[in-house]
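Trainee: Got a structure for you, questions after.
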Amino acid sequence: MKQIVIISGKGGTGKTLLSACFAVLVDNKVMADCDVDAANLHLLLHPEIQETHSFFGLDKAKIDPEKCTGCGECEPVCRFDAISEVQEGDFVVDRVSCEGCTVCSLICPAEAIHMEETKAGEWYVSRTPYGLFVHAKLGIGEENSGMLVTEVKKNAKDLAEKNGEDLVILDGPPGTGCPVIASLSGTDLALVVTEPTPSGIHDMKRVIQVAHHFGIKTACCVNKYDLNLSNTDQVQDWCDKRSIPLLGKIPYDESVTASLMQGVPFVEHTQNSTADAIKTLCEQMLNLL
Amino acid sequence: MIISIASGKGGTGKTTVAVNLALVLEDVRSVQFLDCDVEEPNAHFFLKPHIAQNQTIYLPIPEIRKDRCTYCGKCAEVCVYNALAVLKDTVLVFPELCHGCGGCSLLCPENAIQEKGHRIGTIESGAAGSIPFAHGKLDIGQAMSPPLIRAVKKTLRPNYTVIIDAPAGTSCPVVESVKGSTLSLLVTEPTPFGLNDLQITVETLKELEIPLGVIINRSDGRDKLIRDYCQQENVPVLMTIPLDRAIAVAYSEGKTILETQPAYKEKFLNLFEQIKNFIK
């Protein structure tokens with residue numbers, strides 16, 4: 001059983017577009033959406049939710065006003081500036097800023113601060129026309145998205161193993177930080193989707209470095225490659241020099257937006273050279289495994 | 001005044017809006033630009049700032065004083081992030097898991113933990129024309145972006161109109177970036193993806209009690225999806241930017257909209273007028 005993760009560094013380069021196409025084109029796999037902050041893959045795969053699970057992040061601090069003596073010892077020990085004095089002697093915790101470290105509750109001389117269990121999101125196991133799909137929704141303003149990503153991945157992997165599937169395909173988040181690192185960990189291949197723009201290229205290079213830092217093999221593809229051919233050549237050169245396979249080039253195509261509007265994976269929506277380019281990319285990616 | 005630009009979904013045009021808005025305002029007021037997308041900072045491609053200063057940012061992580069440690073295990077018990085593990089005759093520290101809360105050093109009964117700096121990234125600052133500029137760059141392999149975002153925001157100049165370019169998503173890095181804003185502009189696109197992520201972002205920022213305005217980018221005129229939602233949530237649509245291959249091509253060349261289509265100057269000035277009226 002292998003795991004592929006689709007990442008990009010820069011947002012909006014086409015990760016979810018491609019993930020949905022792979023869901024159509026690849027058999028014997030489980031799909032998972034690791035962009036738990038701003039999940040979108042469900043809009044193309046139309047999941048029927050089979051199981052809903054609560055996700056609990058770290059407990060958050062709460063001050064009991066009955067017990068609080070207003071001494072203020074909690075305020076300076078909070079490194080996240082989550083405790084403030086709203087009126088003289090009246091201290092409150094800003095739940096959005098609280099990172100759950102528990103230090104305030106441990107030092108409070110009046111034992112007026114306790115840690116409250118916080119539901120930080122949900123994750124789901126769903127059926128789709130393209131097989132099983134694990135996805136999640138992070139609660140509003142919650143943190144620990146890396147922990148939720150890990151939960152989604154673990155369950156997708158378990159499902160694939162249980163059902164004897166060959167592959168897990170993970171639609172990853174943008175960026176290079178915590179949720180990306182959680183998405184990359186333990187995968188067999190990271191497919192990096194870039195676009196021929198200065199930001200796209202810069203962000204691709206950074207996220208490839210992150211993948212390599214954690215020992216993850218990478219391959220690349222360029223979306224909207226014909227927007228700027230000289231930038232696309234630059235990507236090709238950069239990848240060639242580092243022996244990173246450039247597996248495909250997908251043209252700029254306004255029918256992609258039309259497929260998104262209708263909520264249909266592009267390769268099911270349109271048969272044209274763009275769809276062919278995506279199919280070839282998919283074959284190349286599977287060959288690489 | 002602090003105007004932050006956020007979106008939920010990536011690639012909707014946050015940086016485009018932030019950069020162009022900053023450039024039109026440069027002539028009429030004192031503007032500062034902070035790129036808080038420390039995982040993938042991009043505004044510098046368009047503003048081309050002269051970088052004068054480079055500052056390394058550290059997160060305080062525990063360092064065990066072996067001469068004092070009795071391996072009692074209190075530090076590992078206190079650490080909710082599992083950044084410490086106490087074995088029979090050694091204490092392991094996992095810097096990438098540490099949030100720098102300081103609990104272990106504060107609560108060690110032997111006073112055997114001091115803090116040392118663990119490098120997480122850098123802040124580069126300088127100026128783009130008359131616009132003071134700063135961005136953060138998270139080091140490769142580092143997970144913790146909020147402390148670096150906090151450090152970028154420490155450079156904030158009180159009497160300036162500050163434009164903050166926020167990262168994609170809706171979780172802690174975004175909250176950290178937009179916290180304290182006078183107003184947030186949410187850039188979206190008229191697709192189900194754009195709408196879905198706009199909804200999550202609106203809910204998040206309403207929780208933070210930040211006034212909101214929406215900008216629809218890549219509009220093909222069929223924006224009903226977004227407009228209906230904005231009306232229902234009572235969030236004004238302050239600007240619309242059409243779907244235009246020419247804008248995408250200019251972007252791919254590292255050019256701003258103002259450089260290739262000067263008529264947008266009026267549109268962005270008008271956007272700012274609307275912002276001023278809105279927050280009055």
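How things are named: the first chain in the structure tokens is A, the next is B, and so on; residues count from 1 in each chain; ligands count from 1 in the order shown.
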Could you give me, as CSV, every chain A residue with an atom at most 6 Å from chain B, plus its closest atom pair and distance in Å to one decimal, counting only C-alpha atoms, rows ordered by chain then number?

Mentor:
residue,atom,partner,partner_atom,distance
A:Gly11,CA,B:Gly10,CA,3.7
A:Gly12,CA,B:Gly11,CA,3.8
A:Asp37,CA,B:Gly169,CA,5.3
A:Ala38,CA,B:Asp197,CA,5.5
A:Asn40,CA,B:Phe193,CA,5.9
A:Arg79,CA,B:Cys101,CA,5.6
A:Val103,CA,B:Gly103,CA,5.4
A:Ile140,CA,B:Thr204,CA,5.3
A:Gly141,CA,B:Thr204,CA,5.3
A:Glu142,CA,B:Ser171,CA,5.7
A:Glu143,CA,B:Cys172,CA,5.2
A:Gly175,CA,B:Glu39,CA,5.3
A:Thr176,CA,B:Glu39,CA,5.3
A:Gly177,CA,B:Ala143,CA,4.2
A:Cys178,CA,B:Ala143,CA,4.1
A:Thr197,CA,B:Ser252,CA,3.9
A:Ser199,CA,B:Asn42,CA,5.6
A:Asp203,CA,B:Glu40,CA,5.8
A:Val210,CA,B:Gly141,CA,5.2
A:Leu227,CA,B:Val249,CA,5.8
A:Met261,CA,B:Thr191,CA,5.5

Trainee: Looking only at the backbone, which of the residues in region 31-198 of chain A does DSSP tag as helix (DSSP H, G or I), as a ChimeraX atom specification?

Mentor: /A:42-45,74-77,103-107,145-162,178-184,198

Trainee: With distances taken over only C-alpha atoms, which residue among A:Leu189, A:Gly131, A:Leu138, A:Cys71 lies nearest Ala110 (chain A)?

Mentor: A:Cys71

Trainee: With only C-alpha atoms as the counted atoms, please give the residues lying no more than 10 Å from Lys265 (chain B), apart from itself and same-chain residues fewer than 6 positions off, as an MDAnalysis selection string.

Mentor: chainID B and resid 20:21 23:25 257:259 271

Trainee: If DSSP is run on the backbone, what residues of region 62-131 of chain A are strand (DSSP E or B)? A reply as a list in words would be ideal.

Mentor: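 The residues of region 62-131 of chain A classed as strand (DSSP E or B) are Lys62, Ile63, Ile83, Ser84, Glu85, Val86, Gln87, Asp90, Phe91, Val92, Val93, Ile113, His114, Met115, Glu116, Lys119, Ala120, Gly121, Glu122, Trp123, Tyr124, Val125, Ser126, Arg127, Thr128 and Gly131 of chain A.
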
Trainee: Keeping N, CA and C atoms, export the residues of the selection given above as an mmCIF file, in the first residue's frame.

Mentor:
data_model
loop_
_atom_site.group_PDB
_atom_site.id
_atom_site.type_symbol
_atom_site.label_atom_id
_atom_site.label_comp_id
_atom_site.auth_asym_id
_atom_site.auth_seq_id
_atom_site.Cartn_x
_atom_site.Cartn_y
_atom_site.Cartn_z
ATOM 1 N N LYS A 62 -10.035 27.987 31.115
ATOM 2 C CA LYS A 62 -11.207 28.782 31.460
ATOM 3 C C LYS A 62 -11.075 29.249 32.911
ATOM 4 N N ILE A 63 -11.333 30.529 33.123
ATOM 5 C CA ILE A 63 -11.222 31.087 34.480
ATOM 6 C C ILE A 63 -12.603 31.083 35.129
ATOM 7 N N ILE A 83 -4.537 35.842 27.884
ATOM 8 C CA ILE A 83 -5.233 36.269 29.095
ATOM 9 C C ILE A 83 -5.155 37.783 29.202
ATOM 10 N N SER A 84 -6.299 38.406 29.411
ATOM 11 C CA SER A 84 -6.269 39.860 29.573
ATOM 12 C C SER A 84 -7.211 40.273 30.697
ATOM 13 N N GLU A 85 -6.918 41.462 31.227
ATOM 14 C CA GLU A 85 -7.713 41.997 32.321
ATOM 15 C C GLU A 85 -8.730 42.944 31.688
ATOM 16 N N VAL A 86 -9.983 42.520 31.618
ATOM 17 C CA VAL A 86 -10.975 43.352 30.925
ATOM 18 C C VAL A 86 -11.441 44.516 31.790
ATOM 19 N N GLN A 87 -11.514 44.254 33.116
ATOM 20 C CA GLN A 87 -11.784 45.332 34.076
ATOM 21 C C GLN A 87 -10.875 45.044 35.254
ATOM 22 N N ASP A 90 -10.601 41.601 36.786
ATOM 23 C CA ASP A 90 -11.453 40.675 36.038
ATOM 24 C C ASP A 90 -10.680 40.126 34.831
ATOM 25 N N PHE A 91 -10.175 38.886 34.989
ATOM 26 C CA PHE A 91 -9.333 38.300 33.944
ATOM 27 C C PHE A 91 -10.120 37.297 33.114
ATOM 28 N N VAL A 92 -9.898 37.347 31.783
ATOM 29 C CA VAL A 92 -10.580 36.379 30.912
ATOM 30 C C VAL A 92 -9.579 35.764 29.931
ATOM 31 N N VAL A 93 -9.941 34.563 29.449
ATOM 32 C CA VAL A 93 -9.113 33.868 28.468
ATOM 33 C C VAL A 93 -9.746 34.044 27.091
ATOM 34 N N ILE A 113 -8.481 28.231 37.565
ATOM 35 C CA ILE A 113 -8.452 27.997 36.120
ATOM 36 C C ILE A 113 -8.478 26.497 35.867
ATOM 37 N N HIS A 114 -9.426 26.062 35.063
ATOM 38 C CA HIS A 114 -9.406 24.656 34.663
ATOM 39 C C HIS A 114 -9.366 24.559 33.142
ATOM 40 N N MET A 115 -9.004 23.386 32.676
ATOM 41 C CA MET A 115 -8.897 23.176 31.236
ATOM 42 C C MET A 115 -10.184 22.503 30.767
ATOM 43 N N GLU A 116 -10.764 23.068 29.723
ATOM 44 C CA GLU A 116 -12.047 22.570 29.221
ATOM 45 C C GLU A 116 -11.852 21.804 27.932
ATOM 46 N N LYS A 119 -14.158 20.689 21.455
ATOM 47 C CA LYS A 119 -14.326 20.005 20.170
ATOM 48 C C LYS A 119 -13.747 20.917 19.103
ATOM 49 N N ALA A 120 -12.750 20.428 18.393
ATOM 50 C CA ALA A 120 -12.042 21.301 17.457
ATOM 51 C C ALA A 120 -12.369 20.963 16.011
ATOM 52 N N GLY A 121 -13.291 20.038 15.821
ATOM 53 C CA GLY A 121 -13.655 19.713 14.444
ATOM 54 C C GLY A 121 -14.294 18.346 14.348
ATOM 55 N N GLU A 122 -14.503 17.926 13.114
ATOM 56 C CA GLU A 122 -15.084 16.606 12.856
ATOM 57 C C GLU A 122 -14.343 15.979 11.703
ATOM 58 N N TRP A 123 -14.311 14.647 11.691
ATOM 59 C CA TRP A 123 -13.837 13.991 10.477
ATOM 60 C C TRP A 123 -14.838 12.917 10.078
ATOM 61 N N TYR A 124 -14.829 12.599 8.793
ATOM 62 C CA TYR A 124 -15.878 11.758 8.221
ATOM 63 C C TYR A 124 -15.284 10.656 7.358
ATOM 64 N N VAL A 125 -15.979 9.529 7.335
ATOM 65 C CA VAL A 125 -15.713 8.504 6.325
ATOM 66 C C VAL A 125 -16.928 8.501 5.409
ATOM 67 N N SER A 126 -16.672 8.658 4.103
ATOM 68 C CA SER A 126 -17.781 8.782 3.158
ATOM 69 C C SER A 126 -17.629 7.829 1.991
ATOM 70 N N ARG A 127 -18.780 7.521 1.391
ATOM 71 C CA ARG A 127 -18.788 6.820 0.108
ATOM 72 C C ARG A 127 -18.906 7.856 -0.986
ATOM 73 N N THR A 128 -18.209 7.612 -2.088
ATOM 74 C CA THR A 128 -18.361 8.482 -3.259
ATOM 75 C C THR A 128 -18.453 7.559 -4.473
ATOM 76 N N GLY A 131 -15.163 5.644 -4.799
ATOM 77 C CA GLY A 131 -14.578 4.882 -3.694
ATOM 78 C C GLY A 131 -14.658 5.640 -2.380
#

Trainee: When you look at region 26-30 of chain A with a cut-off of 9 Å (counting only C-alpha atoms), what residues show up, excluding the ones that are within fewer than 4 positions of it in the same chain? I need them as number ranges by chain.

Mentor: A: 21-22, 130-134, 156-157, 159-160, 163-170, 282-283, 286

Trainee: Could you give me, as a PDB file with N, CA and C atoms, in the first residue's frame, the residues within 12 Å of Glu273 (chain B), counting only C-alpha atoms and dropping anything in the same chain fewer than 5 positions from it?

Mentor:
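Below you can see out-v2.pdb, which holds the result:
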ATOM      1  N   LEU B  21      -3.393  47.831  -3.735  1.00  0.00           N
ATOM      2  CA  LEU B  21      -3.983  48.783  -2.795  1.00  0.00           C
ATOM      3  C   LEU B  21      -2.880  49.613  -2.130  1.00  0.00           C
ATOM      4  N   VAL B  24      -1.488  52.264  -4.654  1.00  0.00           N
ATOM      5  CA  VAL B  24      -2.287  53.469  -4.935  1.00  0.00           C
ATOM      6  C   VAL B  24      -2.349  54.385  -3.711  1.00  0.00           C
ATOM      7  N   LEU B  25      -2.252  53.794  -2.535  1.00  0.00           N
ATOM      8  CA  LEU B  25      -2.345  54.623  -1.324  1.00  0.00           C
ATOM      9  C   LEU B  25      -1.043  55.347  -1.024  1.00  0.00           C
ATOM     10  N   VAL B  28      -1.109  59.026  -1.367  1.00  0.00           N
ATOM     11  CA  VAL B  28      -2.027  59.854  -0.588  1.00  0.00           C
ATOM     12  C   VAL B  28      -1.871  59.731   0.926  1.00  0.00           C
ATOM     13  N   LEU B 238     -17.112  44.981  -1.963  1.00  0.00           N
ATOM     14  CA  LEU B 238     -16.524  46.309  -2.148  1.00  0.00           C
ATOM     15  C   LEU B 238     -15.872  46.499  -3.514  1.00  0.00           C
ATOM     16  N   MET B 239     -15.599  45.373  -4.206  1.00  0.00           N
ATOM     17  CA  MET B 239     -14.921  45.513  -5.503  1.00  0.00           C
ATOM     18  C   MET B 239     -15.060  44.215  -6.285  1.00  0.00           C
ATOM     19  N   GLU B 266      -7.997  54.154 -10.271  1.00  0.00           N
ATOM     20  CA  GLU B 266      -9.262  54.720  -9.788  1.00  0.00           C
ATOM     21  C   GLU B 266     -10.045  53.685  -8.984  1.00  0.00           C
ATOM     22  N   LYS B 267     -10.049  52.442  -9.504  1.00  0.00           N
ATOM     23  CA  LYS B 267     -10.823  51.379  -8.844  1.00  0.00           C
ATOM     24  C   LYS B 267     -10.294  51.099  -7.439  1.00  0.00           C
ATOM     25  N   PHE B 268      -8.981  51.066  -7.303  1.00  0.00           N
ATOM     26  CA  PHE B 268      -8.416  50.782  -5.982  1.00  0.00           C
ATOM     27  C   PHE B 268      -8.577  51.983  -5.040  1.00  0.00           C
ATOM     28  N   PHE B 278     -17.049  52.716   5.265  1.00  0.00           N
ATOM     29  CA  PHE B 278     -17.596  51.533   5.914  1.00  0.00           C
ATOM     30  C   PHE B 278     -17.202  51.447   7.390  1.00  0.00           C
ATOM     31  N   ILE B 279     -15.969  51.840   7.697  1.00  0.00           N
ATOM     32  CA  ILE B 279     -15.529  51.665   9.088  1.00  0.00           C
ATOM     33  C   ILE B 279     -15.811  52.904   9.932  1.00  0.00           C
ATOM     34  N   LYS B 280     -16.363  53.950   9.329  1.00  0.00           N
ATOM     35  CA  LYS B 280     -16.696  55.174  10.080  1.00  0.00           C
ATOM     36  C   LYS B 280     -17.666  54.871  11.213  1.00  0.00           C
TER      37      LYS B 280
END

Trainee: Which neighbours of Ile250 (chain A) fall inside 6 Å, counting only C-alpha atoms, when residues of the same chain fewer than 6 positions from it are skipped, and could you give them as an MDAnalysis selection string?

Mentor: chainID A and resid 223:225 274 277

Trainee: Find the residues around Glu26 (chain B) up to 8 Å (only C-alpha atoms counted), leave out those fewer than 5 positions away in its own chain, and share them as a ChimeraX atom specification.

Mentor: /B:31,130-131

Trainee: Measure the distance from CA of Lys15 (chain A) to CA of Ser243 (chain A) in Å and round it to one decimal.

Mentor: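 Spanning CA of Lys15 (chain A) to CA of Ser243 (chain A) is a straight-line distance of 22.1 Å.
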
Trainee: With distances taken over only C-alpha atoms, which residue among B:Thr70, B:Gln232, B:Ser125, B:Thr90 lies nearest Lys48 (chain B)?

Mentor: B:Ser125
